[in-house]
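What follows is the content of work.cif (mmCIF, C-alpha atoms and all ligand atoms).
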```cif
data_query
#
loop_
_atom_site.label_atom_id
_atom_site.label_comp_id
_atom_site.auth_asym_id
_atom_site.auth_seq_id
_atom_site.Cartn_x
_atom_site.Cartn_y
_atom_site.Cartn_z
CA PRO A 21 117.46 137.04 107.75
CA ALA A 22 118.38 133.61 109.04
CA ASP A 23 116.87 134.17 112.49
CA THR A 24 113.39 133.96 110.94
CA VAL A 25 113.91 130.33 109.88
CA PRO A 26 111.69 128.12 112.04
CA GLN A 27 112.91 124.85 113.50
CA ALA A 28 111.84 121.89 111.35
CA PRO A 29 110.76 118.65 113.01
CA GLU A 30 113.39 115.93 113.09
CA ASP A 31 112.99 113.18 110.49
CA PRO A 32 111.22 110.49 112.51
CA LEU A 33 113.18 107.59 111.04
CA PHE A 34 116.65 109.06 111.27
CA GLY A 35 115.81 110.31 114.79
CA LEU A 36 114.86 106.78 115.75
CA MET A 37 118.19 105.49 114.41
CA ALA A 38 120.08 107.97 116.58
CA ALA A 39 118.12 106.93 119.69
CA TYR A 40 118.89 103.27 118.97
CA ARG A 41 122.60 103.96 118.58
CA ALA A 42 122.69 105.86 121.87
CA ASP A 43 121.03 102.99 123.80
CA PRO A 44 123.71 100.95 125.66
CA PHE A 45 121.42 97.94 126.36
CA ASP A 46 122.96 94.75 124.94
CA LYS A 47 119.72 93.14 123.75
CA LYS A 48 118.35 96.26 122.01
CA VAL A 49 116.50 95.57 118.75
CA ASP A 50 116.45 97.89 115.73
CA LEU A 51 113.28 97.45 113.67
CA GLY A 52 113.25 101.01 112.33
CA ILE A 53 115.08 101.75 109.14
CA GLY A 54 114.42 99.67 106.03
CA ALA A 55 117.84 98.26 105.40
CA TYR A 56 118.61 94.55 105.11
CA ARG A 57 120.51 92.89 107.94
CA ASP A 58 121.90 89.37 107.99
CA ASP A 59 121.13 86.83 110.72
CA ASN A 60 123.81 88.47 112.89
CA ALA A 61 122.06 91.85 112.59
CA LYS A 62 124.90 93.13 110.39
CA PRO A 63 124.70 94.99 107.06
CA TRP A 64 125.21 92.54 104.18
CA VAL A 65 127.29 93.34 101.14
CA LEU A 66 125.82 91.11 98.43
CA PRO A 67 128.46 88.60 97.24
CA VAL A 68 127.69 89.64 93.65
CA VAL A 69 128.30 93.29 94.55
CA LYS A 70 131.66 92.33 96.10
CA LYS A 71 132.56 90.57 92.88
CA ALA A 72 131.49 93.47 90.66
CA ASP A 73 133.34 95.88 92.94
CA GLU A 74 136.53 93.84 92.54
CA ILE A 75 136.18 93.74 88.75
CA LEU A 76 135.73 97.53 88.69
CA ARG A 77 138.64 98.24 91.00
CA ASN A 78 140.95 96.12 88.88
CA ASP A 79 139.85 97.74 85.66
CA PRO A 80 142.81 99.88 84.47
CA ALA A 81 140.39 101.95 82.36
CA LEU A 82 138.36 103.02 85.42
CA ASN A 83 138.36 106.77 85.93
CA HIS A 84 136.30 109.35 87.73
CA GLU A 85 135.02 111.42 84.83
CA TYR A 86 131.48 112.79 84.77
CA LEU A 87 128.66 110.60 83.53
CA PRO A 88 126.37 112.04 80.86
CA ILE A 89 123.38 114.08 82.11
CA ALA A 90 121.04 111.09 81.66
CA GLY A 91 123.51 108.83 83.44
CA LEU A 92 125.25 105.60 82.52
CA SER A 93 123.45 104.22 79.48
CA ASP A 94 124.59 100.66 80.31
CA LEU A 95 122.57 101.06 83.49
CA THR A 96 119.51 102.89 82.21
CA THR A 97 119.01 100.51 79.27
CA ALA A 98 119.37 97.40 81.42
CA ALA A 99 117.24 98.93 84.18
CA ALA A 100 114.37 99.59 81.78
CA LYS A 101 114.51 95.97 80.62
CA LEU A 102 114.63 94.79 84.20
CA ILE A 103 111.47 96.55 85.25
CA LEU A 104 109.49 96.34 81.99
CA GLY A 105 110.72 93.01 80.59
CA ALA A 106 113.01 92.95 77.55
CA ASP A 107 110.14 92.31 75.15
CA SER A 108 107.92 95.12 76.46
CA PRO A 109 106.19 97.07 73.66
CA ALA A 110 107.11 100.24 75.57
CA LEU A 111 110.75 99.39 74.74
CA THR A 112 110.45 97.76 71.33
CA GLU A 113 108.30 100.69 70.14
CA LYS A 114 110.83 103.16 71.59
CA ARG A 115 108.23 104.89 73.74
CA THR A 116 110.35 104.98 76.90
CA HIS A 117 112.96 107.41 78.12
CA SER A 118 115.17 106.50 81.07
CA MET A 119 117.31 108.73 83.27
CA GLN A 120 119.68 107.67 86.00
CA THR A 121 118.77 109.38 89.28
CA ILE A 122 119.86 109.76 92.89
CA SER A 123 118.39 106.38 93.85
CA GLY A 124 114.62 105.99 94.22
CA THR A 125 114.20 109.27 96.09
CA GLY A 126 115.77 111.18 93.20
CA ALA A 127 113.57 109.33 90.72
CA VAL A 128 110.41 110.19 92.66
CA HIS A 129 111.61 113.78 92.86
CA LEU A 130 112.52 114.07 89.17
CA GLY A 131 109.17 112.58 88.18
CA GLY A 132 107.31 114.91 90.55
CA LEU A 133 109.20 117.94 89.26
CA PHE A 134 108.59 117.01 85.64
CA LEU A 135 104.86 116.42 86.19
CA SER A 136 104.55 119.61 88.21
CA LYS A 137 106.01 121.58 85.31
CA PHE A 138 104.50 119.85 82.32
CA PHE A 139 101.36 117.96 83.27
CA PRO A 140 98.48 120.01 81.85
CA GLY A 141 96.34 121.66 84.51
CA LYS A 142 98.57 120.88 87.51
CA PRO A 143 96.71 117.86 88.79
CA THR A 144 96.72 116.40 92.27
CA ILE A 145 98.81 113.32 93.00
CA TYR A 146 96.96 110.68 95.03
CA LEU A 147 99.03 108.78 97.57
CA SER A 148 98.05 105.64 99.45
CA ASP A 149 97.10 106.13 103.10
CA PRO A 150 99.57 105.36 104.56
CA THR A 151 102.56 105.66 102.25
CA TRP A 152 106.35 106.02 102.41
CA ALA A 153 106.94 108.92 104.79
CA ASN A 154 108.94 110.89 102.21
CA HIS A 155 106.37 110.96 99.39
CA LYS A 156 104.26 113.84 100.61
CA GLN A 157 107.14 116.22 101.25
CA ILE A 158 108.89 115.36 97.98
CA PHE A 159 105.76 116.24 95.99
CA SER A 160 104.97 119.28 98.08
CA ASN A 161 108.54 120.56 97.56
CA VAL A 162 108.03 120.51 93.79
CA GLY A 163 104.62 122.19 94.05
CA LEU A 164 102.49 119.16 93.29
CA PRO A 165 99.46 119.05 95.58
CA SER A 166 98.75 115.63 97.08
CA ALA A 167 95.69 113.86 98.42
CA VAL A 168 95.23 110.35 99.73
CA TYR A 169 93.28 107.23 98.85
CA PRO A 170 92.43 104.62 101.52
CA TYR A 171 94.74 101.62 101.35
CA PHE A 172 95.09 99.74 104.61
CA SER A 173 92.21 98.15 106.46
CA LYS A 174 92.81 98.32 110.20
CA SER A 175 90.35 95.50 110.79
CA THR A 176 91.77 92.94 108.34
CA LYS A 177 95.32 94.36 108.35
CA GLY A 178 95.08 93.81 104.60
CA LEU A 179 94.05 95.90 101.60
CA ASP A 180 91.02 98.21 101.83
CA PHE A 181 90.28 97.49 98.20
CA ASP A 182 86.79 98.98 98.13
CA GLY A 183 87.97 102.18 99.80
CA MET A 184 90.89 102.44 97.40
CA LYS A 185 88.69 101.98 94.33
CA ALA A 186 86.05 104.42 95.57
CA ALA A 187 88.62 107.18 96.13
CA ILE A 188 90.33 106.61 92.77
CA ALA A 189 86.92 106.69 91.09
CA ALA A 190 86.01 109.92 92.92
CA ALA A 191 89.27 111.71 92.00
CA PRO A 192 88.93 114.24 89.17
CA ASN A 193 89.63 112.71 85.75
CA ARG A 194 93.29 112.81 84.73
CA SER A 195 94.68 112.75 88.27
CA ILE A 196 98.07 111.24 89.01
CA ILE A 197 97.88 108.05 91.07
CA LEU A 198 100.99 106.94 92.90
CA LEU A 199 101.20 103.15 93.19
CA HIS A 200 103.79 101.03 94.98
CA ALA A 201 104.92 98.44 92.44
CA CYS A 202 105.41 95.75 95.08
CA ALA A 203 106.11 95.34 98.80
CA HIS A 204 104.13 98.42 99.80
CA ASN A 205 105.94 100.62 102.33
CA PRO A 206 104.91 100.78 105.18
CA THR A 207 102.16 98.13 105.18
CA GLY A 208 103.64 95.13 103.32
CA VAL A 209 100.20 94.76 101.70
CA ASP A 210 99.99 94.46 97.89
CA PRO A 211 96.98 94.06 95.60
CA THR A 212 96.65 90.63 93.97
CA PRO A 213 97.05 90.38 90.17
CA ALA A 214 93.23 90.26 89.86
CA GLN A 215 92.97 93.44 91.93
CA TRP A 216 95.72 95.14 89.90
CA THR A 217 93.71 94.33 86.78
CA GLU A 218 90.69 96.09 88.26
CA ILE A 219 92.81 99.05 89.36
CA ALA A 220 94.20 99.38 85.83
CA PHE A 221 90.69 99.27 84.37
CA LEU A 222 89.58 101.97 86.78
CA LEU A 223 92.56 104.21 85.97
CA ARG A 224 91.90 103.74 82.29
CA THR A 225 88.20 104.67 82.72
CA LYS A 226 89.19 107.83 84.59
CA ASN A 227 92.08 108.63 82.26
CA HIS A 228 94.33 108.82 85.34
CA PHE A 229 98.12 108.80 85.09
CA PRO A 230 99.92 105.98 86.98
CA PHE A 231 103.18 106.81 88.76
CA PHE A 232 104.83 103.61 89.97
CA ASP A 233 107.33 103.69 92.79
CA CYS A 234 109.41 100.52 92.67
CA ALA A 235 111.88 100.21 95.52
CA TYR A 236 111.84 96.44 96.12
CA GLN A 237 111.92 94.52 92.82
CA GLY A 238 113.28 91.04 93.52
CA PHE A 239 113.66 91.84 97.17
CA ALA A 240 110.00 91.12 97.93
CA SER A 241 109.40 87.65 96.54
CA GLY A 242 112.91 86.76 95.35
CA ASP A 243 111.48 86.69 91.80
CA LEU A 244 112.23 89.76 89.68
CA ALA A 245 109.43 89.16 87.16
CA ARG A 246 106.83 88.49 89.81
CA ASP A 247 107.66 91.69 91.68
CA ALA A 248 107.40 93.63 88.40
CA TRP A 249 104.05 92.11 87.47
CA ALA A 250 101.89 95.17 88.13
CA VAL A 251 104.22 97.57 86.29
CA ARG A 252 104.46 95.22 83.31
CA TYR A 253 100.71 94.73 83.25
CA PHE A 254 100.06 98.49 83.18
CA ALA A 255 102.70 98.96 80.47
CA SER A 256 101.06 96.19 78.41
CA GLN A 257 97.78 98.13 78.60
CA GLY A 258 99.35 101.09 76.77
CA PHE A 259 99.24 103.58 79.64
CA GLU A 260 101.25 106.75 79.60
CA MET A 261 103.03 106.39 82.93
CA CYS A 262 106.23 106.79 84.84
CA ILE A 263 108.34 104.63 87.11
CA ALA A 264 110.77 105.45 89.91
CA GLN A 265 113.21 102.58 90.34
CA SER A 266 115.59 102.15 93.25
CA PHE A 267 118.60 99.83 93.46
CA ALA A 268 119.14 100.56 97.15
CA LYS A 269 117.48 97.45 98.56
CA ASN A 270 117.78 94.87 95.83
CA PHE A 271 121.52 95.50 95.36
CA GLY A 272 122.21 96.61 98.93
CA LEU A 273 123.64 99.80 97.40
CA TYR A 274 121.87 102.14 99.85
CA GLY A 275 124.53 104.82 100.14
CA GLU A 276 125.66 104.65 96.52
CA ARG A 277 122.39 106.24 95.37
CA ALA A 278 121.77 104.20 92.23
CA GLY A 279 118.33 104.44 90.63
CA CYS A 280 116.43 105.30 87.48
CA PHE A 281 113.40 107.23 86.31
CA HIS A 282 111.47 105.94 83.33
CA PHE A 283 108.81 107.80 81.37
CA ILE A 284 106.60 105.83 78.97
CA THR A 285 104.35 107.57 76.50
CA TYR A 286 101.31 106.26 74.63
CA PRO A 287 101.67 104.04 71.58
CA GLY A 288 101.05 105.87 68.31
CA PRO A 289 102.72 107.55 65.34
CA ASN A 290 103.98 110.51 67.43
CA ALA A 291 105.42 108.47 70.28
CA THR A 292 109.10 108.77 69.33
CA GLN A 293 108.84 112.54 68.85
CA THR A 294 107.00 112.93 72.15
CA ILE A 295 109.69 110.93 73.92
CA SER A 296 112.41 113.00 72.33
CA ARG A 297 110.80 116.24 73.63
CA ILE A 298 110.24 114.75 77.07
CA SER A 299 113.84 113.57 77.29
CA SER A 300 115.06 117.05 76.36
CA GLN A 301 113.08 118.58 79.25
CA LEU A 302 114.17 115.91 81.72
CA ALA A 303 117.76 116.68 80.76
CA VAL A 304 117.25 120.37 81.58
CA LEU A 305 115.76 119.51 84.97
CA GLN A 306 118.53 117.03 85.75
CA ARG A 307 121.27 119.43 84.65
CA SER A 308 119.99 122.25 86.84
CA GLU A 309 119.61 120.04 89.89
CA ILE A 310 122.43 117.48 89.98
CA SER A 311 124.14 118.06 86.62
CA ASN A 312 124.84 114.34 86.32
CA PRO A 313 124.31 111.35 88.61
CA PRO A 314 126.90 109.47 90.71
CA ALA A 315 128.93 106.85 88.89
CA TYR A 316 130.21 104.10 91.17
CA GLY A 317 127.01 102.38 92.32
CA ALA A 318 125.64 102.73 88.80
CA ARG A 319 128.69 100.93 87.42
CA ILE A 320 128.28 98.09 89.89
CA ALA A 321 124.59 97.62 89.08
CA ALA A 322 125.22 97.93 85.33
CA LEU A 323 127.97 95.30 85.43
CA VAL A 324 125.67 92.82 87.17
CA LEU A 325 122.63 93.56 85.02
CA ASN A 326 124.56 93.11 81.77
CA ASP A 327 126.51 89.94 82.60
CA PRO A 328 124.50 86.68 82.58
CA VAL A 329 126.74 84.95 85.14
CA LEU A 330 126.71 87.86 87.58
CA PHE A 331 122.99 88.30 86.99
CA ALA A 332 122.33 84.68 87.99
CA GLN A 333 124.37 85.17 91.14
CA TRP A 334 122.39 88.34 91.89
CA GLU A 335 119.17 86.33 91.67
CA ASP A 336 120.64 83.91 94.24
CA ASP A 337 121.53 86.82 96.51
CA LEU A 338 117.99 88.19 96.16
CA ARG A 339 116.59 84.82 97.18
CA THR A 340 118.91 84.79 100.19
CA MET A 341 117.55 88.14 101.39
CA SER A 342 113.88 87.55 100.63
CA GLY A 343 114.11 83.99 101.96
CA ARG A 344 115.52 85.11 105.29
CA ILE A 345 112.84 87.75 105.64
CA ILE A 346 110.06 85.30 104.82
CA ALA A 347 111.55 82.85 107.37
CA MET A 348 111.47 85.61 110.01
CA ARG A 349 107.82 86.32 109.22
CA LYS A 350 107.04 82.64 109.86
CA ALA A 351 109.11 82.55 113.04
CA LEU A 352 107.53 85.69 114.48
CA ARG A 353 103.99 84.51 113.75
CA GLU A 354 104.75 81.06 115.23
CA LYS A 355 106.20 82.55 118.44
CA LEU A 356 103.22 84.88 118.91
CA GLU A 357 100.78 82.04 118.31
CA GLU A 358 102.75 79.77 120.66
CA LEU A 359 102.52 82.43 123.36
CA ARG A 360 98.79 82.80 122.58
CA THR A 361 99.30 86.54 122.32
CA PRO A 362 95.81 88.07 122.08
CA GLY A 363 94.80 88.96 118.50
CA SER A 364 95.39 87.28 115.16
CA TRP A 365 98.85 87.25 113.60
CA ASN A 366 98.29 85.83 110.12
CA HIS A 367 98.96 89.29 108.63
CA ILE A 368 102.63 88.92 109.58
CA THR A 369 103.02 86.12 107.02
CA ASP A 370 100.41 87.51 104.57
CA GLN A 371 102.32 90.78 104.20
CA ILE A 372 105.38 90.91 101.96
CA GLY A 373 108.70 92.70 101.61
CA MET A 374 110.82 94.72 103.97
CA PHE A 375 108.05 95.77 106.34
CA SER A 376 105.20 94.48 108.40
CA PHE A 377 102.43 96.67 109.74
CA THR A 378 101.92 94.90 113.05
CA GLY A 379 98.78 96.68 114.20
CA LEU A 380 100.53 97.66 117.46
CA SER A 381 99.32 101.02 118.76
CA GLU A 382 101.54 104.04 119.33
CA LYS A 383 101.24 103.46 123.08
CA GLN A 384 102.41 99.86 122.68
CA VAL A 385 105.27 100.96 120.42
CA LEU A 386 106.46 103.43 123.07
CA GLU A 387 106.19 100.78 125.78
CA LEU A 388 108.25 98.39 123.67
CA ARG A 389 110.90 101.07 123.44
CA SER A 390 110.96 101.98 127.15
CA GLN A 391 110.53 98.45 128.52
CA ALA A 392 112.32 96.25 126.02
CA HIS A 393 114.67 98.58 124.07
CA VAL A 394 112.87 97.70 120.82
CA TYR A 395 112.98 100.55 118.28
CA MET A 396 110.22 100.84 115.66
CA THR A 397 108.20 103.65 114.10
CA LYS A 398 105.14 104.90 115.98
CA ASN A 399 102.74 103.61 113.32
CA GLY A 400 103.56 100.04 114.37
CA ARG A 401 105.71 99.26 111.34
CA ILE A 402 108.61 96.87 111.80
CA SER A 403 111.48 96.33 109.42
CA MET A 404 111.48 92.54 109.14
CA ALA A 405 115.21 92.43 108.40
CA GLY A 406 115.88 93.67 111.93
CA LEU A 407 114.68 90.29 113.23
CA ASN A 408 116.98 87.28 113.32
CA SER A 409 117.21 83.88 114.94
CA GLY A 410 118.88 85.50 117.95
CA ASN A 411 116.20 88.11 118.74
CA VAL A 412 112.87 86.99 117.28
CA GLU A 413 111.81 85.23 120.47
CA TYR A 414 112.89 88.19 122.61
CA PHE A 415 110.81 90.47 120.40
CA ALA A 416 107.76 88.16 120.42
CA ARG A 417 107.84 87.97 124.22
CA ALA A 418 108.11 91.75 124.47
CA VAL A 419 105.13 92.15 122.12
CA ASP A 420 103.19 89.60 124.14
CA ARG A 421 103.78 91.62 127.32
CA VAL A 422 102.65 94.97 125.88
CA VAL A 423 99.60 93.47 124.17
CA ARG A 424 98.48 91.88 127.45
CA ALA A 425 99.24 94.98 129.55
N1 LIG A 501 110.08 104.61 97.61
C1 LIG A 501 109.76 103.76 98.59
C2 LIG A 501 108.37 103.26 98.69
C3 LIG A 501 110.73 103.35 99.50
O1 LIG A 501 110.40 102.50 100.47
C4 LIG A 501 112.04 103.85 99.37
C5 LIG A 501 113.10 103.42 100.32
N2 LIG A 501 112.81 103.53 101.64
C6 LIG A 501 112.32 104.73 98.32
C7 LIG A 501 111.30 105.07 97.46
C8 LIG A 501 113.63 105.33 97.99
O2 LIG A 501 114.75 104.94 98.61
P1 LIG A 501 116.18 105.29 98.01
O3 LIG A 501 116.19 106.74 97.71
O4 LIG A 501 117.11 104.90 99.09
O5 LIG A 501 116.32 104.46 96.78
#
```

Do you think you could lay out the structure here as structure tokens?
Amino acid sequence: PADTVPQAPEDPLFGLMAAYRADPFDKKVDLGIGAYRDDNAKPWVLPVVKKADEILRNDPALNHEYLPIAGLSDLTTAAAKLILGADSPALTEKRTHSMQTISGTGAVHLGGLFLSKFFPGKPTIYLSDPTWANHKQIFSNVGLPSAVYPYFSKSTKGLDFDGMKAAIAAAPNRSIILLHACAHNPTGVDPTPAQWTEIAFLLRTKNHFPFFDCAYQGFASGDLARDAWAVRYFASQGFEMCIAQSFAKNFGLYGERAGCFHFITYPGPNATQTISRISSQLAVLQRSEISNPPAYGARIAALVLNDPVLFAQWEDDLRTMSGRIIAMRKALREKLEELRTPGSWNHITDQIGMFSFTGLSEKQVLELRSQAHVYMTKNGRISMAGLNSGNVEYFARAVDRVVRA
């Protein structure tokens, strides 16, 4: 009976959003949720998305029929090229199957469900410590046990590379290793290409299975190829692997839920048959869960990805977003250094992407909320896009006060 259902804890991030909305203070600052804001703290519809939207709306052939189970093929084909590179052997050798999903979350879920059902021996999936708050519960909901590998060094506020390697080396052979493709959430800390090369070598030695979560391609550096470097490198090494790809951030299509899941199998004479069997199982999973994915956001993304002129404009829009975020990193670091706030602040500009892991303690975070109406998660993560030329100084001064307290 329903009265035996226990109360679940509130989602920390969405709870934080509600508290921010309820705060009447005029200078309140929202650094919680990872959604891009312009310099006026407003959501930004990408100009290229406005254009694509207009083209779609004026298309007399537009209807609201179901998409196929695997989604819009104009999207999935272009999305695979976007993440892997058009000349990737994983594509030219037809070793990849792509499914459209409910944004990145749906892709992580579909991948987790598939691996939970079909990966021999039900392995453990290793997640970075820390990782995106949703990973653990998504995998646990599909019955995939998870463990963690060290990732963030509290002392350097950078990568704990030795700890990461040691844990991956100690994991049982043929474990699944979840890797953030770029702009690691929540730390903003990514391995360098040289470190990725070592990680790939280690995974290969252990016969581990890489699962890439890519939620920020192009949004991190403004350069789509650069942000896809790690994924493309692993694919070039012939790994069997999968990729969850979100278009929420890089297209600003958060609520449209556009994303893809890609599975790549090993090179070899059986690859095409393997992929055909895998795609048949993914179709069964998709059909039983969502039947078919949502169409509108997928159409917008597909239109942009397949049209060279729109694509070039998208790249401009990506540079606008990543450029503003990088400028805010510089401004915040400069203000803190100007104020001589105790501690070092180089990590603010060393880290990349939507988030910065400030190193502020939970106590300081709570003081920022009660004293300065600044809203951020308790782990000290700030969403860089919440800063703008109008509030960065206010925020720096508030940080200065709590650090000195
Ligand atoms: N993975 C990571 C690491 C993320 O940061 C996010 C977005 N917060 C997602 C996946 C998925 O987001 P969405 O479902 O909105 O695409």

Exercise for the section: Would you mind telling me which residue in A:Asn205, A:Gln257, A:Ser241, A:Thr176 lies nearest to Gly54 in chain A when using only C-alpha atoms? Expected result: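 Closest to Gly54 in chain A of all the choices is A:Asn205.
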
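Of note, CA of Phe229 in chain A and CA of Ala303 in chain A are spaced 21.6 Å apart.
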
Fill in the blank from the handout: For Leu305 in chain A, the closest of A:Trp64, A:Phe134, A:Tyr56, A:Phe181 counting all atoms listed in the file is A:Phe134

Write out as a tab-separated table a residue-level contact list of chain A versus ligand LIG 501 (chain A) with cut-off 8 Å: for each qualifying residue the closest pair of atoms and the distance in Å to one decimal, counting only C-alpha atoms and all ligand atoms, rows sorted by chain and residue number upward.
```
residue	atom	partner	partner_atom	distance
A:Gly54	CA	A:LIG501	N2	6.1
A:Ile122	CA	A:LIG501	O3	6.8
A:Ser123	CA	A:LIG501	O5	4.1
A:Gly124	CA	A:LIG501	O5	3.4
A:Thr125	CA	A:LIG501	O3	3.6
A:Gly126	CA	A:LIG501	O3	6.3
A:Ala127	CA	A:LIG501	O3	7.9
A:Val128	CA	A:LIG501	C7	7.1
A:Thr151	CA	A:LIG501	C2	7.2
A:Trp152	CA	A:LIG501	C2	5.1
A:Asn154	CA	A:LIG501	N1	7.9
A:His155	CA	A:LIG501	N1	7.6
A:His200	CA	A:LIG501	C2	6.3
A:His204	CA	A:LIG501	C2	6.5
A:Asn205	CA	A:LIG501	C2	5.1
A:Pro206	CA	A:LIG501	O1	7.4
A:Asp233	CA	A:LIG501	N1	5.6
A:Cys234	CA	A:LIG501	N1	6.4
A:Ala235	CA	A:LIG501	C1	5.1
A:Tyr236	CA	A:LIG501	O1	7.6
A:Ala264	CA	A:LIG501	C7	7.6
A:Gln265	CA	A:LIG501	O5	7.4
A:Ser266	CA	A:LIG501	O5	4.3
A:Phe267	CA	A:LIG501	O5	6.1
A:Ala268	CA	A:LIG501	O5	4.8
A:Lys269	CA	A:LIG501	O5	7.3
A:Tyr274	CA	A:LIG501	O4	5.6
A:Gly275	CA	A:LIG501	O4	7.5
A:Arg277	CA	A:LIG501	O5	6.5
A:Ala278	CA	A:LIG501	O5	7.1
A:Gly279	CA	A:LIG501	O5	6.5
```

Practice task
Please identify all polymer residues within 10 Å of range 375-385 of chain A, counting all atoms listed in the file, omitting same-chain residues fewer than 6 positions from it, and present them as a ChimeraX atom specification.
Solution key: /A:51-54,172,174-178,203-209,240,345,349,363,365,367-369,391,394-406,419,421-423,425
